[in-house]
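Enquirer: Contents of work_20.csv (CSV, C-alpha atoms) are given next:
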```csv
chain,number,residue,atom,x,y,z
A,1,MET,CA,-68.4,-22.3,-217.4
A,2,GLU,CA,-65.7,-21.8,-214.8
A,3,ILE,CA,-63.7,-18.6,-215.1
A,4,GLY,CA,-60.0,-19.3,-215.4
A,5,LYS,CA,-60.4,-22.8,-216.9
A,6,LEU,CA,-58.8,-23.2,-220.3
A,7,PRO,CA,-59.2,-26.6,-221.8
A,8,ALA,CA,-56.2,-27.4,-224.0
A,9,SER,CA,-58.5,-29.1,-226.6
A,10,LYS,CA,-60.4,-25.8,-227.0
A,11,VAL,CA,-57.2,-23.9,-227.7
A,12,VAL,CA,-56.1,-26.5,-230.2
A,13,GLU,CA,-59.5,-26.2,-231.9
A,14,SER,CA,-59.0,-22.4,-232.1
A,15,LEU,CA,-55.7,-23.1,-233.8
A,16,ARG,CA,-57.2,-25.5,-236.2
A,17,ARG,CA,-59.8,-22.8,-237.1
A,18,GLN,CA,-57.0,-20.5,-238.0
A,19,SER,CA,-55.4,-23.2,-240.3
A,20,VAL,CA,-52.3,-23.2,-238.1
A,21,THR,CA,-49.8,-25.7,-239.5
A,22,HIS,CA,-47.0,-25.7,-236.9
A,23,VAL,CA,-46.6,-24.8,-233.2
A,24,ILE,CA,-43.1,-24.1,-232.2
A,25,ALA,CA,-42.9,-24.6,-228.5
A,26,LEU,CA,-40.9,-24.9,-225.4
A,27,PRO,CA,-42.8,-26.4,-222.5
A,28,ASP,CA,-43.2,-24.6,-219.2
A,29,SER,CA,-44.9,-25.5,-215.9
A,30,GLU,CA,-48.4,-24.2,-217.1
A,31,THR,CA,-48.4,-25.8,-220.6
A,32,ARG,CA,-48.2,-29.5,-219.8
A,33,HIS,CA,-51.7,-30.3,-220.9
A,34,MET,CA,-51.5,-28.0,-224.0
A,35,TYR,CA,-48.3,-29.8,-225.0
A,36,ASP,CA,-50.0,-33.2,-224.6
A,37,ALA,CA,-53.0,-32.0,-226.7
A,38,LEU,CA,-50.7,-30.8,-229.5
A,39,VAL,CA,-48.9,-34.1,-229.6
A,40,ARG,CA,-52.3,-35.8,-230.1
A,41,GLU,CA,-53.4,-33.3,-232.8
A,42,PRO,CA,-52.8,-34.8,-236.3
A,43,THR,CA,-53.2,-31.6,-238.3
A,44,ILE,CA,-50.6,-29.5,-236.5
A,45,GLU,CA,-46.9,-30.2,-236.4
A,46,LEU,CA,-45.3,-29.6,-233.0
A,47,ILE,CA,-41.7,-28.4,-233.2
A,48,PRO,CA,-39.9,-28.7,-229.8
A,49,ILE,CA,-37.0,-26.2,-229.4
A,50,ALA,CA,-34.0,-26.0,-227.1
A,51,ARG,CA,-34.3,-22.2,-226.4
A,52,GLU,CA,-37.0,-19.7,-227.0
A,53,GLY,CA,-35.0,-17.4,-229.2
A,54,GLU,CA,-35.1,-20.1,-231.9
A,55,SER,CA,-38.9,-20.0,-232.1
A,56,ILE,CA,-39.5,-16.7,-233.9
A,57,CYS,CA,-36.8,-17.5,-236.4
A,58,ILE,CA,-38.1,-21.0,-237.2
A,59,ALA,CA,-41.5,-19.4,-237.6
A,60,ALA,CA,-40.0,-16.9,-240.0
A,61,GLY,CA,-38.7,-19.7,-242.1
A,62,LEU,CA,-42.0,-21.5,-242.1
A,63,TRP,CA,-43.8,-18.3,-243.0
A,64,ILE,CA,-41.4,-17.8,-246.0
A,65,ALA,CA,-42.2,-21.4,-247.0
A,66,GLY,CA,-45.9,-20.6,-247.1
A,67,LYS,CA,-46.9,-22.2,-243.8
A,68,ARG,CA,-48.8,-20.7,-240.9
A,69,PRO,CA,-46.9,-21.2,-237.6
A,70,VAL,CA,-47.5,-20.0,-234.1
A,71,VAL,CA,-45.0,-19.7,-231.2
A,72,MET,CA,-45.8,-21.0,-227.8
A,73,ILE,CA,-43.4,-19.9,-225.0
A,74,GLN,CA,-43.5,-18.5,-221.5
A,75,ASN,CA,-43.0,-14.8,-220.7
A,76,ALA,CA,-39.5,-15.5,-219.3
A,77,GLY,CA,-38.7,-17.1,-222.7
A,78,LEU,CA,-40.0,-14.2,-224.6
A,79,PHE,CA,-37.5,-12.0,-222.7
A,80,GLU,CA,-34.8,-14.4,-223.8
A,81,SER,CA,-36.0,-14.0,-227.4
A,82,GLY,CA,-35.7,-10.2,-227.5
A,83,ASP,CA,-33.2,-10.0,-230.3
A,84,ALA,CA,-35.1,-12.5,-232.4
A,85,LEU,CA,-38.3,-10.7,-231.9
A,86,ARG,CA,-36.6,-7.4,-232.9
A,87,GLY,CA,-34.8,-8.8,-235.9
A,88,MET,CA,-36.9,-11.5,-237.3
A,89,GLY,CA,-40.3,-10.6,-235.9
A,90,ILE,CA,-40.8,-6.9,-235.9
A,91,GLY,CA,-37.9,-6.1,-238.2
A,92,VAL,CA,-39.2,-8.2,-241.1
A,93,ASN,CA,-43.0,-7.5,-240.5
A,94,GLN,CA,-43.7,-11.2,-239.8
A,95,PRO,CA,-47.4,-11.7,-239.1
A,96,LEU,CA,-46.8,-14.0,-236.2
A,97,VAL,CA,-49.1,-14.9,-233.4
A,98,MET,CA,-47.2,-15.8,-230.2
A,99,PHE,CA,-48.9,-17.6,-227.3
A,100,VAL,CA,-47.1,-16.4,-224.3
A,101,GLY,CA,-47.6,-18.0,-220.9
A,102,TYR,CA,-48.2,-15.2,-218.4
A,103,ARG,CA,-46.3,-16.7,-215.5
A,104,GLY,CA,-47.0,-14.8,-212.3
A,105,TYR,CA,-50.3,-13.4,-213.5
A,106,THR,CA,-52.7,-12.8,-210.6
A,107,ARG,CA,-55.6,-10.7,-212.1
A,108,ARG,CA,-54.9,-8.1,-209.4
A,109,GLY,CA,-51.9,-6.5,-210.9
A,110,ASP,CA,-50.0,-7.1,-207.7
A,111,THR,CA,-47.5,-9.9,-208.3
A,112,PRO,CA,-44.1,-10.8,-206.8
A,113,ASP,CA,-43.0,-12.3,-210.1
A,114,THR,CA,-40.9,-10.0,-212.2
A,115,ALA,CA,-41.7,-12.1,-215.3
A,116,ALA,CA,-45.3,-10.9,-214.9
A,117,GLN,CA,-44.4,-7.4,-213.7
A,118,PHE,CA,-42.4,-6.7,-216.9
A,119,LEU,CA,-44.4,-8.5,-219.5
A,120,GLU,CA,-47.0,-5.9,-220.5
A,121,PRO,CA,-44.6,-2.9,-220.2
A,122,TYR,CA,-42.2,-4.9,-222.4
A,123,LEU,CA,-44.8,-5.5,-225.0
A,124,HIS,CA,-45.9,-1.9,-225.0
A,125,LEU,CA,-42.3,-0.8,-225.3
A,126,TRP,CA,-41.8,-3.0,-228.3
A,127,ARG,CA,-45.1,-2.0,-229.8
A,128,VAL,CA,-46.4,-5.6,-229.9
A,129,PRO,CA,-50.2,-5.7,-229.5
A,130,TYR,CA,-51.5,-8.3,-227.1
A,131,TYR,CA,-54.7,-10.0,-226.0
A,132,VAL,CA,-55.1,-11.6,-222.5
A,133,VAL,CA,-56.8,-14.9,-222.3
A,134,GLU,CA,-57.9,-15.9,-218.7
A,135,GLY,CA,-60.2,-18.7,-219.6
A,136,GLU,CA,-62.4,-20.4,-222.2
A,137,ASP,CA,-64.7,-17.4,-222.4
A,138,ASP,CA,-61.8,-15.3,-223.8
A,139,LEU,CA,-60.9,-17.6,-226.7
A,140,ASP,CA,-62.7,-15.2,-229.1
A,141,ARG,CA,-59.5,-13.1,-228.7
A,142,VAL,CA,-57.5,-15.7,-230.6
A,143,PRO,CA,-59.0,-15.0,-234.0
A,144,MET,CA,-58.7,-11.3,-233.2
A,145,ALA,CA,-54.9,-11.8,-232.7
A,146,PHE,CA,-54.6,-13.6,-236.0
A,147,GLU,CA,-56.6,-11.0,-237.8
A,148,ARG,CA,-54.5,-8.2,-236.4
A,149,ALA,CA,-51.2,-9.9,-237.1
A,150,ALA,CA,-52.3,-10.3,-240.7
A,151,ARG,CA,-53.7,-6.8,-241.1
A,152,GLU,CA,-50.7,-5.1,-239.5
A,153,ASN,CA,-48.0,-7.5,-240.7
A,154,GLN,CA,-46.4,-7.8,-237.3
A,155,PRO,CA,-46.1,-10.1,-234.3
A,156,VAL,CA,-49.1,-10.1,-231.9
A,157,ALA,CA,-49.1,-11.8,-228.5
A,158,VAL,CA,-51.9,-13.9,-226.9
A,159,LEU,CA,-51.1,-13.9,-223.2
A,160,ILE,CA,-52.3,-17.0,-221.4
A,161,GLY,CA,-53.2,-15.9,-217.9
A,162,THR,CA,-54.1,-19.3,-216.6
A,163,GLU,CA,-53.0,-22.9,-216.6
A,164,TYR,CA,-54.2,-25.0,-219.5
A,165,SER,CA,-56.5,-27.7,-218.2
A,166,PRO,CA,-56.9,-31.3,-219.5
A,167,GLY,CA,-59.7,-32.0,-221.9
B,1,MET,CA,-7.0,-23.6,-243.9
B,2,ILE,CA,-9.5,-22.9,-246.7
B,3,LYS,CA,-10.2,-19.4,-247.9
B,4,TYR,CA,-13.7,-18.0,-248.3
B,5,GLU,CA,-13.1,-17.2,-251.9
B,6,GLU,CA,-12.1,-20.8,-252.5
B,7,SER,CA,-14.9,-22.7,-250.7
B,8,ILE,CA,-17.9,-20.5,-251.4
B,9,PRO,CA,-17.8,-20.9,-255.2
B,10,LEU,CA,-17.6,-24.7,-254.9
B,11,ILE,CA,-20.8,-24.7,-252.8
B,12,SER,CA,-22.5,-22.2,-255.1
B,13,GLU,CA,-21.7,-24.3,-258.2
B,14,LEU,CA,-23.5,-27.2,-256.6
B,15,ARG,CA,-26.5,-25.5,-255.1
B,16,GLY,CA,-29.0,-26.1,-257.9
B,17,ASN,CA,-32.2,-24.6,-256.8
B,18,ALA,CA,-31.5,-24.7,-253.0
B,19,VAL,CA,-32.4,-21.9,-250.7
B,20,ALA,CA,-29.4,-20.3,-249.1
B,21,VAL,CA,-29.3,-18.7,-245.7
B,22,TYR,CA,-26.1,-17.0,-244.8
B,23,THR,CA,-24.6,-14.9,-242.1
B,24,MET,CA,-21.5,-12.7,-241.4
B,25,THR,CA,-18.3,-12.8,-243.4
B,26,GLN,CA,-19.3,-15.7,-245.7
B,27,GLY,CA,-22.3,-13.7,-246.8
B,28,GLY,CA,-20.3,-11.2,-248.7
B,29,ALA,CA,-18.4,-13.9,-250.6
B,30,TRP,CA,-21.7,-15.7,-251.3
B,31,ALA,CA,-23.4,-12.6,-252.6
B,32,ASN,CA,-20.6,-12.2,-255.2
B,33,VAL,CA,-21.1,-15.6,-256.8
B,34,SER,CA,-24.7,-16.6,-256.1
B,35,SER,CA,-26.5,-17.8,-259.2
B,36,ARG,CA,-29.9,-17.5,-257.5
B,37,PRO,CA,-30.0,-14.3,-255.4
B,38,ASP,CA,-33.8,-14.7,-255.4
B,39,LEU,CA,-33.3,-17.7,-253.2
B,40,ASP,CA,-30.8,-16.1,-250.8
B,41,VAL,CA,-31.4,-14.6,-247.4
B,42,GLY,CA,-28.6,-12.9,-245.5
B,43,ILE,CA,-29.1,-12.7,-241.7
B,44,SER,CA,-28.4,-9.0,-241.1
B,45,ASN,CA,-30.8,-8.8,-238.2
B,46,GLY,CA,-31.5,-11.8,-235.9
B,47,MET,CA,-28.0,-12.5,-234.7
B,48,SER,CA,-26.9,-16.2,-234.9
B,49,LYS,CA,-30.2,-17.5,-236.1
B,50,ALA,CA,-29.3,-18.6,-239.7
B,51,SER,CA,-29.7,-22.3,-238.7
B,52,SER,CA,-33.2,-21.6,-237.1
B,53,LEU,CA,-34.4,-19.7,-240.2
B,54,GLY,CA,-33.0,-22.4,-242.5
B,55,LEU,CA,-34.7,-25.1,-240.4
B,56,GLY,CA,-38.1,-23.3,-240.8
B,57,ILE,CA,-37.7,-23.1,-244.5
B,58,ALA,CA,-36.6,-26.7,-244.7
B,59,LEU,CA,-39.5,-28.0,-242.8
B,60,GLY,CA,-42.0,-25.8,-244.7
B,61,ARG,CA,-40.6,-27.0,-248.1
B,62,PRO,CA,-39.2,-30.5,-247.7
B,63,ASP,CA,-39.0,-30.7,-251.5
B,64,ARG,CA,-36.3,-28.0,-251.6
B,65,ARG,CA,-32.8,-28.3,-250.2
B,66,VAL,CA,-31.7,-25.6,-247.8
B,67,ILE,CA,-28.1,-24.6,-247.3
B,68,VAL,CA,-27.1,-22.7,-244.2
B,69,LEU,CA,-23.8,-20.8,-244.3
B,70,ASP,CA,-23.1,-20.3,-240.7
B,71,GLY,CA,-20.2,-18.8,-238.8
B,72,ASP,CA,-18.6,-20.5,-235.8
B,73,GLY,CA,-19.3,-17.5,-233.6
B,74,SER,CA,-22.9,-17.4,-234.8
B,75,LEU,CA,-23.4,-21.1,-234.1
B,76,LEU,CA,-21.9,-20.8,-230.6
B,77,MET,CA,-24.7,-18.2,-229.9
B,78,ASN,CA,-27.4,-20.6,-231.0
B,79,LEU,CA,-25.8,-24.0,-230.2
B,80,GLY,CA,-29.1,-25.5,-229.0
B,81,SER,CA,-30.3,-25.2,-232.6
B,82,LEU,CA,-28.1,-28.3,-233.4
B,83,VAL,CA,-30.4,-30.4,-231.2
B,84,THR,CA,-33.6,-28.7,-232.5
B,85,VAL,CA,-32.5,-29.4,-236.1
B,86,ALA,CA,-31.5,-33.0,-235.2
B,87,GLY,CA,-34.9,-33.5,-233.5
B,88,GLN,CA,-36.7,-32.5,-236.7
B,89,ALA,CA,-34.2,-34.4,-238.9
B,90,PRO,CA,-34.9,-32.6,-242.1
B,91,LYS,CA,-33.5,-34.6,-245.0
B,92,ASN,CA,-33.1,-31.4,-247.0
B,93,PHE,CA,-30.9,-29.5,-244.5
B,94,LEU,CA,-27.2,-28.9,-245.1
B,95,HIS,CA,-25.3,-26.8,-242.5
B,96,PHE,CA,-21.9,-25.3,-243.3
B,97,VAL,CA,-19.9,-23.8,-240.6
B,98,PHE,CA,-17.1,-21.4,-241.5
B,99,ASP,CA,-14.8,-22.1,-238.6
B,100,ASN,CA,-12.2,-19.2,-238.5
B,101,GLY,CA,-12.0,-19.2,-234.7
B,102,MET,CA,-12.8,-15.5,-234.4
B,103,TYR,CA,-15.4,-12.8,-234.6
B,104,ALA,CA,-14.2,-11.5,-237.9
B,105,VAL,CA,-16.8,-8.7,-238.4
B,106,THR,CA,-15.8,-7.1,-235.1
B,107,GLY,CA,-12.2,-7.1,-235.8
B,108,GLY,CA,-10.9,-10.6,-235.1
B,109,GLN,CA,-11.4,-11.3,-231.4
B,110,PRO,CA,-11.2,-15.0,-230.6
B,111,VAL,CA,-14.3,-17.1,-229.9
B,112,PRO,CA,-14.2,-18.8,-226.5
B,113,ASN,CA,-11.9,-21.8,-226.5
B,114,MET,CA,-10.7,-20.9,-230.0
B,115,ASN,CA,-9.4,-23.7,-232.2
B,116,ARG,CA,-10.2,-26.4,-229.7
B,117,ILE,CA,-13.9,-26.8,-230.5
B,118,ASP,CA,-15.1,-29.9,-232.4
B,119,TYR,CA,-18.2,-28.7,-234.3
B,120,ARG,CA,-18.3,-31.9,-236.3
B,121,GLY,CA,-18.4,-33.9,-233.1
B,122,MET,CA,-21.0,-31.6,-231.6
B,123,ALA,CA,-23.3,-32.1,-234.6
B,124,LEU,CA,-23.0,-35.9,-234.5
B,125,ALA,CA,-23.5,-35.9,-230.7
B,126,ALA,CA,-26.6,-33.7,-231.2
B,127,GLY,CA,-28.0,-36.2,-233.6
B,128,TYR,CA,-27.2,-34.9,-237.1
B,129,ARG,CA,-27.3,-37.7,-239.7
B,130,SER,CA,-23.7,-37.0,-240.8
B,131,ALA,CA,-21.0,-34.4,-240.2
B,132,TYR,CA,-17.7,-33.6,-241.8
B,133,GLU,CA,-14.7,-31.4,-241.4
B,134,PHE,CA,-12.3,-30.1,-244.0
B,135,GLU,CA,-9.2,-28.0,-243.9
B,136,ASP,CA,-7.9,-28.8,-247.3
B,137,LEU,CA,-9.6,-27.4,-250.4
B,138,GLU,CA,-8.8,-30.4,-252.6
B,139,ASP,CA,-10.4,-32.8,-250.1
B,140,LEU,CA,-13.5,-30.5,-250.0
B,141,ALA,CA,-13.8,-30.3,-253.7
B,142,MET,CA,-13.6,-34.1,-254.0
B,143,GLU,CA,-16.2,-34.8,-251.4
B,144,LEU,CA,-18.6,-31.9,-251.8
B,145,PRO,CA,-20.7,-33.3,-254.7
B,146,ARG,CA,-21.4,-36.5,-252.7
B,147,ILE,CA,-22.2,-34.6,-249.5
B,148,MET,CA,-24.5,-32.1,-251.2
B,149,ALA,CA,-26.5,-35.0,-252.8
B,150,GLU,CA,-26.9,-37.0,-249.6
B,151,GLU,CA,-29.7,-36.8,-247.1
B,152,GLY,CA,-29.5,-34.5,-244.1
B,153,PRO,CA,-29.3,-33.1,-241.7
B,154,ALA,CA,-25.6,-32.8,-242.3
B,155,LEU,CA,-23.0,-30.4,-241.0
B,156,VAL,CA,-19.8,-29.5,-242.8
B,157,ASN,CA,-17.2,-27.7,-240.7
B,158,LEU,CA,-14.7,-25.7,-242.9
B,159,LYS,CA,-11.5,-24.7,-241.2
B,160,THR,CA,-11.3,-21.3,-242.7
B,161,ALA,CA,-8.5,-18.8,-242.9
B,162,PRO,CA,-9.3,-15.8,-240.7
B,163,GLU,CA,-10.1,-12.6,-242.5
B,164,PRO,CA,-10.8,-10.0,-239.8
B,165,ALA,CA,-12.7,-7.0,-241.0
B,166,GLU,CA,-10.8,-3.7,-241.1
B,167,GLN,CA,-14.0,-1.7,-240.6
B,168,GLY,CA,-17.1,-2.3,-238.6
B,169,VAL,CA,-20.6,-2.9,-240.1
B,170,ASP,CA,-22.6,0.2,-240.8
B,171,GLN,CA,-26.3,-0.1,-240.0
B,172,THR,CA,-28.1,1.9,-242.7
B,173,TRP,CA,-31.7,2.2,-243.9
B,174,GLU,CA,-30.6,0.2,-246.9
B,175,SER,CA,-28.9,-2.5,-245.0
B,176,ASN,CA,-31.8,-2.9,-242.7
B,177,ALA,CA,-34.2,-3.2,-245.5
B,178,ARG,CA,-32.2,-5.9,-247.2
B,179,MET,CA,-33.2,-8.9,-245.1
B,180,PRO,CA,-37.0,-8.4,-245.2
B,181,ARG,CA,-36.8,-7.8,-248.9
B,182,GLN,CA,-34.8,-11.0,-249.4
B,183,MET,CA,-37.3,-12.9,-247.3
B,184,ARG,CA,-40.2,-11.8,-249.5
B,185,ASN,CA,-38.2,-12.5,-252.6
B,186,VAL,CA,-37.6,-16.1,-251.4
B,187,MET,CA,-41.3,-16.4,-250.5
B,188,ALA,CA,-42.3,-15.3,-254.0
B,189,ALA,CA,-39.8,-17.6,-255.6
B,190,LEU,CA,-41.0,-20.6,-253.6
B,191,GLN,CA,-44.6,-19.8,-254.3
B,192,SER,CA,-43.8,-19.6,-258.0
B,193,GLU,CA,-42.1,-23.0,-257.9
B,194,PRO,CA,-44.5,-25.1,-255.8
B,195,PRO,CA,-43.7,-28.7,-254.8
B,196,GLN,CA,-44.1,-31.3,-257.5
B,197,ARG,CA,-47.0,-33.6,-256.7
```
Once more with this new file: its structure as structure tokens, please.
Expert:
Amino acid sequence: MEIGKLPASKVVESLRRQSVTHVIALPDSETRHMYDALVREPTIELIPIAREGESICIAAGLWIAGKRPVVMIQNAGLFESGDALRGMGIGVNQPLVMFVGYRGYTRRGDTPDTAAQFLEPYLHLWRVPYYVVEGEDDLDRVPMAFERAARENQPVAVLIGTEYSPG
Amino acid sequence: MIKYEESIPLISELRGNAVAVYTMTQGGAWANVSSRPDLDVGISNGMSKASSLGLGIALGRPDRRVIVLDGDGSLLMNLGSLVTVAGQAPKNFLHFVFDNGMYAVTGGQPVPNMNRIDYRGMALAAGYRSAYEFEDLEDLAMELPRIMAEEGPALVNLKTAPEPAEQGVDQTWESNARMPRQMRNVMAALQSEPPQR
């Protein structure tokens, strides 16, 4: 198994195992194959959004309605979503798993991309637990994230440190 | 111009078992007349996101009508949600905008391009199934029963008499606890009234 390879179909399978009903997503440069895989997946509704801040609030509504949504956005979009995360994520104890594209991630810590530089400090500051997924071998962290979100009644992030691959 | 205390009771009388998501000034008026407070959520945290929360509920419970009582200033902060709502096209989604041209809760400062914004036109251009605008109470009272019975997504822009707040909003432990409590109340109410099969 190649380190750093993350087949979109395997991630979709991990979502199915968690009985996810909806993925609220705004595509970014690394998620093209994931987006395509979600479009093909009949058991999960894909909700495209115009701006990331909507995602956590739509998820809150789905949660109220008894569904099991996840959010799929990029780190830059998570920063844009700050007030929504505060008010309708953390503030209402929403047990939400957020798949966040880790743009600029290099595995070395040294990155010129401020979207990557600020991501983990930002999550620590907001007391949002997170799990980093660098490839298929790390997909066991997805159920950990769901279990933790449910146990602690709060948003938990899964940081995707690689590009989704086809298949 | 229509006053809050005139339009809100008309909507409330026709809500049936709809879930209501409200924000800002109209929230106070709604809370005074609501017949189903167990199905109400006031957006006290999560600025501008009434339409997004309402959309999630509408998609999760397509059997249940969702009424969003939005402000014009709030909608301007989340304008892209018009397109997101239209893209999902929930038939059970009814979006009221209380268009008073100002940020009333902060004392009445004008919204950008005050009184020249066509929210009805924006909703139609975004892809809402229908959109309306009223500035006369009698016209609203006559048309509202039909609008509230028709398929959405629909937007109703209400030209509303400005009522700027004289005092700011105090954030208290109690006020911050209200929204999460209301959300859980709505969740429990919806669970106790599952969709008819």
Enquirer: Quick one: everything within 12 Å of A:Ser29, counting all atoms listed in the file, minus sequence neighbours fewer than 5 positions away in the same chain. Send it as a CSV table (one decimal) with C-alpha atoms, keeping the file's coordinate frame.
Expert:
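Writing the result to out_30.csv gives the following:
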```csv
chain,number,residue,atom,x,y,z
A,34,MET,CA,-51.5,-28.0,-224.0
A,35,TYR,CA,-48.3,-29.8,-225.0
A,73,ILE,CA,-43.4,-19.9,-225.0
A,74,GLN,CA,-43.5,-18.5,-221.5
A,75,ASN,CA,-43.0,-14.8,-220.7
A,76,ALA,CA,-39.5,-15.5,-219.3
A,101,GLY,CA,-47.6,-18.0,-220.9
A,102,TYR,CA,-48.2,-15.2,-218.4
A,103,ARG,CA,-46.3,-16.7,-215.5
A,104,GLY,CA,-47.0,-14.8,-212.3
A,162,THR,CA,-54.1,-19.3,-216.6
A,163,GLU,CA,-53.0,-22.9,-216.6
A,164,TYR,CA,-54.2,-25.0,-219.5
```
Enquirer: Could you please determine the separation between atom CA of B:Phe98 and atom CA of A:Ile64 in Å, to one decimal place?
Expert: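 The value is 25.0 Å.
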Enquirer: If you measure from atom CA of B:Glu150 to atom CA of B:Val85, what distance in Å do you get, rounded to one decimal?
Expert: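 The value is 16.5 Å.
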Enquirer: Counting only C-alpha atoms, collect the residues of chain A whose closest atom lies at most 6 Å from chain B, and write them out as a VMD selection string.
Expert: chain A and resid 49 to 50 54 57 to 58 61 to 62 64 to 65 84 87 to 88 92
Enquirer: Kindly give the distance, in Å, that separates atom CA of A:Leu85 and atom CA of B:Val41, rounded to a single decimal.
Expert: 17.4 Å
Enquirer: Would you mind listing what lies within 7 Å of A:Glu80 as an MDAnalysis selection string, with only C-alpha atoms counted and same-chain residues fewer than 2 positions away left out?
Expert: chainID A and resid 52:53 76:78 82
Enquirer: Show me, as a ChimeraX atom specification, the residues that have an atom within 12 Å of A:Val39 when counting only C-alpha atoms, minus same-chain residues fewer than 4 positions from it.
Expert: /A:8-9,12,22-25,32-35,43-48
Enquirer: For stretch 124-133 of chain B, list every protein, DNA or RNA residue within 9 Å, evaluated using only C-alpha atoms, and leave out those in the same chain fewer than 2 positions away; present the list as a PyMOL selection string.
Expert: chain B and resi 80+82-87+89+91+119-122+135+140+147+151-159
Enquirer: Can you pull out every residue within 8 Å of stretch 25-39 of chain B, counting only C-alpha atoms, but drop anything in the same chain fewer than 4 positions away, and send it as an mmCIF file with C-alpha atoms, keeping the file's coordinate frame?
Expert:
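Below is the file around.cif, written as the result:
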```cif
data_model
loop_
_atom_site.group_PDB
_atom_site.id
_atom_site.type_symbol
_atom_site.label_atom_id
_atom_site.label_comp_id
_atom_site.auth_asym_id
_atom_site.auth_seq_id
_atom_site.Cartn_x
_atom_site.Cartn_y
_atom_site.Cartn_z
ATOM 1 C CA TYR B 4 -13.700 -18.000 -248.300
ATOM 2 C CA GLU B 5 -13.100 -17.200 -251.900
ATOM 3 C CA ILE B 8 -17.900 -20.500 -251.400
ATOM 4 C CA PRO B 9 -17.800 -20.900 -255.200
ATOM 5 C CA SER B 12 -22.500 -22.200 -255.100
ATOM 6 C CA ASN B 17 -32.200 -24.600 -256.800
ATOM 7 C CA ALA B 18 -31.500 -24.700 -253.000
ATOM 8 C CA VAL B 19 -32.400 -21.900 -250.700
ATOM 9 C CA ALA B 20 -29.400 -20.300 -249.100
ATOM 10 C CA LEU B 69 -23.800 -20.800 -244.300
ATOM 11 C CA ASP B 70 -23.100 -20.300 -240.700
ATOM 12 C CA GLY B 71 -20.200 -18.800 -238.800
ATOM 13 C CA PHE B 98 -17.100 -21.400 -241.500
ATOM 14 C CA ALA B 104 -14.200 -11.500 -237.900
ATOM 15 C CA VAL B 105 -16.800 -8.700 -238.400
ATOM 16 C CA GLN B 182 -34.800 -11.000 -249.400
ATOM 17 C CA ASN B 185 -38.200 -12.500 -252.600
ATOM 18 C CA VAL B 186 -37.600 -16.100 -251.400
ATOM 19 C CA ALA B 189 -39.800 -17.600 -255.600
#
```
Enquirer: Taking (-17.1, -28.6, -253.7) as a centre in this file's frame and 7 Å as the limit, can you find every polymer residue with an atom that close, using only C-alpha atoms, and give them as a ChimeraX atom specification?
Expert: /B:7,10-11,140-145
Enquirer: Given the choices A:Val100, A:Leu15, A:Val132, A:Val70, which gets closest to A:Glu41 if the distance is worked out from all atoms listed in the file?
Expert: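 For A:Glu41, the nearest of the given residues is A:Leu15.
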Enquirer: Between B:Thr106, B:Thr160, B:Gln171, B:Asn92, single out the one closest to B:Asp72, counting all atoms listed in the file.
Expert: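 Of B:Thr106, B:Thr160, B:Gln171, B:Asn92, the one nearest B:Asp72, counting all atoms listed in the file, is B:Thr160.
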Enquirer: Because some atoms of stretch 91-101 of chain A are absent here, can you restore N, CA and C atoms and send them as a PDB file, in the coordinates of the input?
Expert:
```
ATOM      1  N   GLY A  91     -38.791  -6.663-237.147  1.00  0.00           N
ATOM      2  CA  GLY A  91     -37.900  -6.100-238.200  1.00  0.00           C
ATOM      3  C   GLY A  91     -38.259  -6.534-239.596  1.00  0.00           C
ATOM      4  N   VAL A  92     -38.905  -7.696-239.734  1.00  0.00           N
ATOM      5  CA  VAL A  92     -39.200  -8.200-241.100  1.00  0.00           C
ATOM      6  C   VAL A  92     -40.741  -8.193-241.309  1.00  0.00           C
ATOM      7  N   ASN A  93     -41.473  -7.579-240.383  1.00  0.00           N
ATOM      8  CA  ASN A  93     -43.000  -7.500-240.500  1.00  0.00           C
ATOM      9  C   ASN A  93     -43.562  -8.917-240.620  1.00  0.00           C
ATOM     10  N   GLN A  94     -43.125  -9.793-239.733  1.00  0.00           N
ATOM     11  CA  GLN A  94     -43.700 -11.200-239.800  1.00  0.00           C
ATOM     12  C   GLN A  94     -45.041 -11.172-239.062  1.00  0.00           C
ATOM     13  N   PRO A  95     -46.078 -11.613-239.757  1.00  0.00           N
ATOM     14  CA  PRO A  95     -47.400 -11.700-239.100  1.00  0.00           C
ATOM     15  C   PRO A  95     -47.550 -12.901-238.253  1.00  0.00           C
ATOM     16  N   LEU A  96     -46.943 -12.856-237.102  1.00  0.00           N
ATOM     17  CA  LEU A  96     -46.800 -14.000-236.200  1.00  0.00           C
ATOM     18  C   LEU A  96     -47.637 -13.877-234.966  1.00  0.00           C
ATOM     19  N   VAL A  97     -48.407 -14.903-234.639  1.00  0.00           N
ATOM     20  CA  VAL A  97     -49.100 -14.900-233.400  1.00  0.00           C
ATOM     21  C   VAL A  97     -48.283 -15.750-232.367  1.00  0.00           C
ATOM     22  N   MET A  98     -48.025 -15.139-231.219  1.00  0.00           N
ATOM     23  CA  MET A  98     -47.200 -15.800-230.200  1.00  0.00           C
ATOM     24  C   MET A  98     -48.075 -16.024-228.959  1.00  0.00           C
ATOM     25  N   PHE A  99     -48.238 -17.272-228.586  1.00  0.00           N
ATOM     26  CA  PHE A  99     -48.900 -17.600-227.300  1.00  0.00           C
ATOM     27  C   PHE A  99     -47.881 -17.561-226.221  1.00  0.00           C
ATOM     28  N   VAL A 100     -48.087 -16.645-225.302  1.00  0.00           N
ATOM     29  CA  VAL A 100     -47.100 -16.400-224.300  1.00  0.00           C
ATOM     30  C   VAL A 100     -47.681 -16.721-222.900  1.00  0.00           C
ATOM     31  N   GLY A 101     -47.110 -17.679-222.219  1.00  0.00           N
ATOM     32  CA  GLY A 101     -47.600 -18.000-220.900  1.00  0.00           C
ATOM     33  C   GLY A 101     -47.276 -16.858-219.918  1.00  0.00           C
TER      34      GLY A 101
END
```
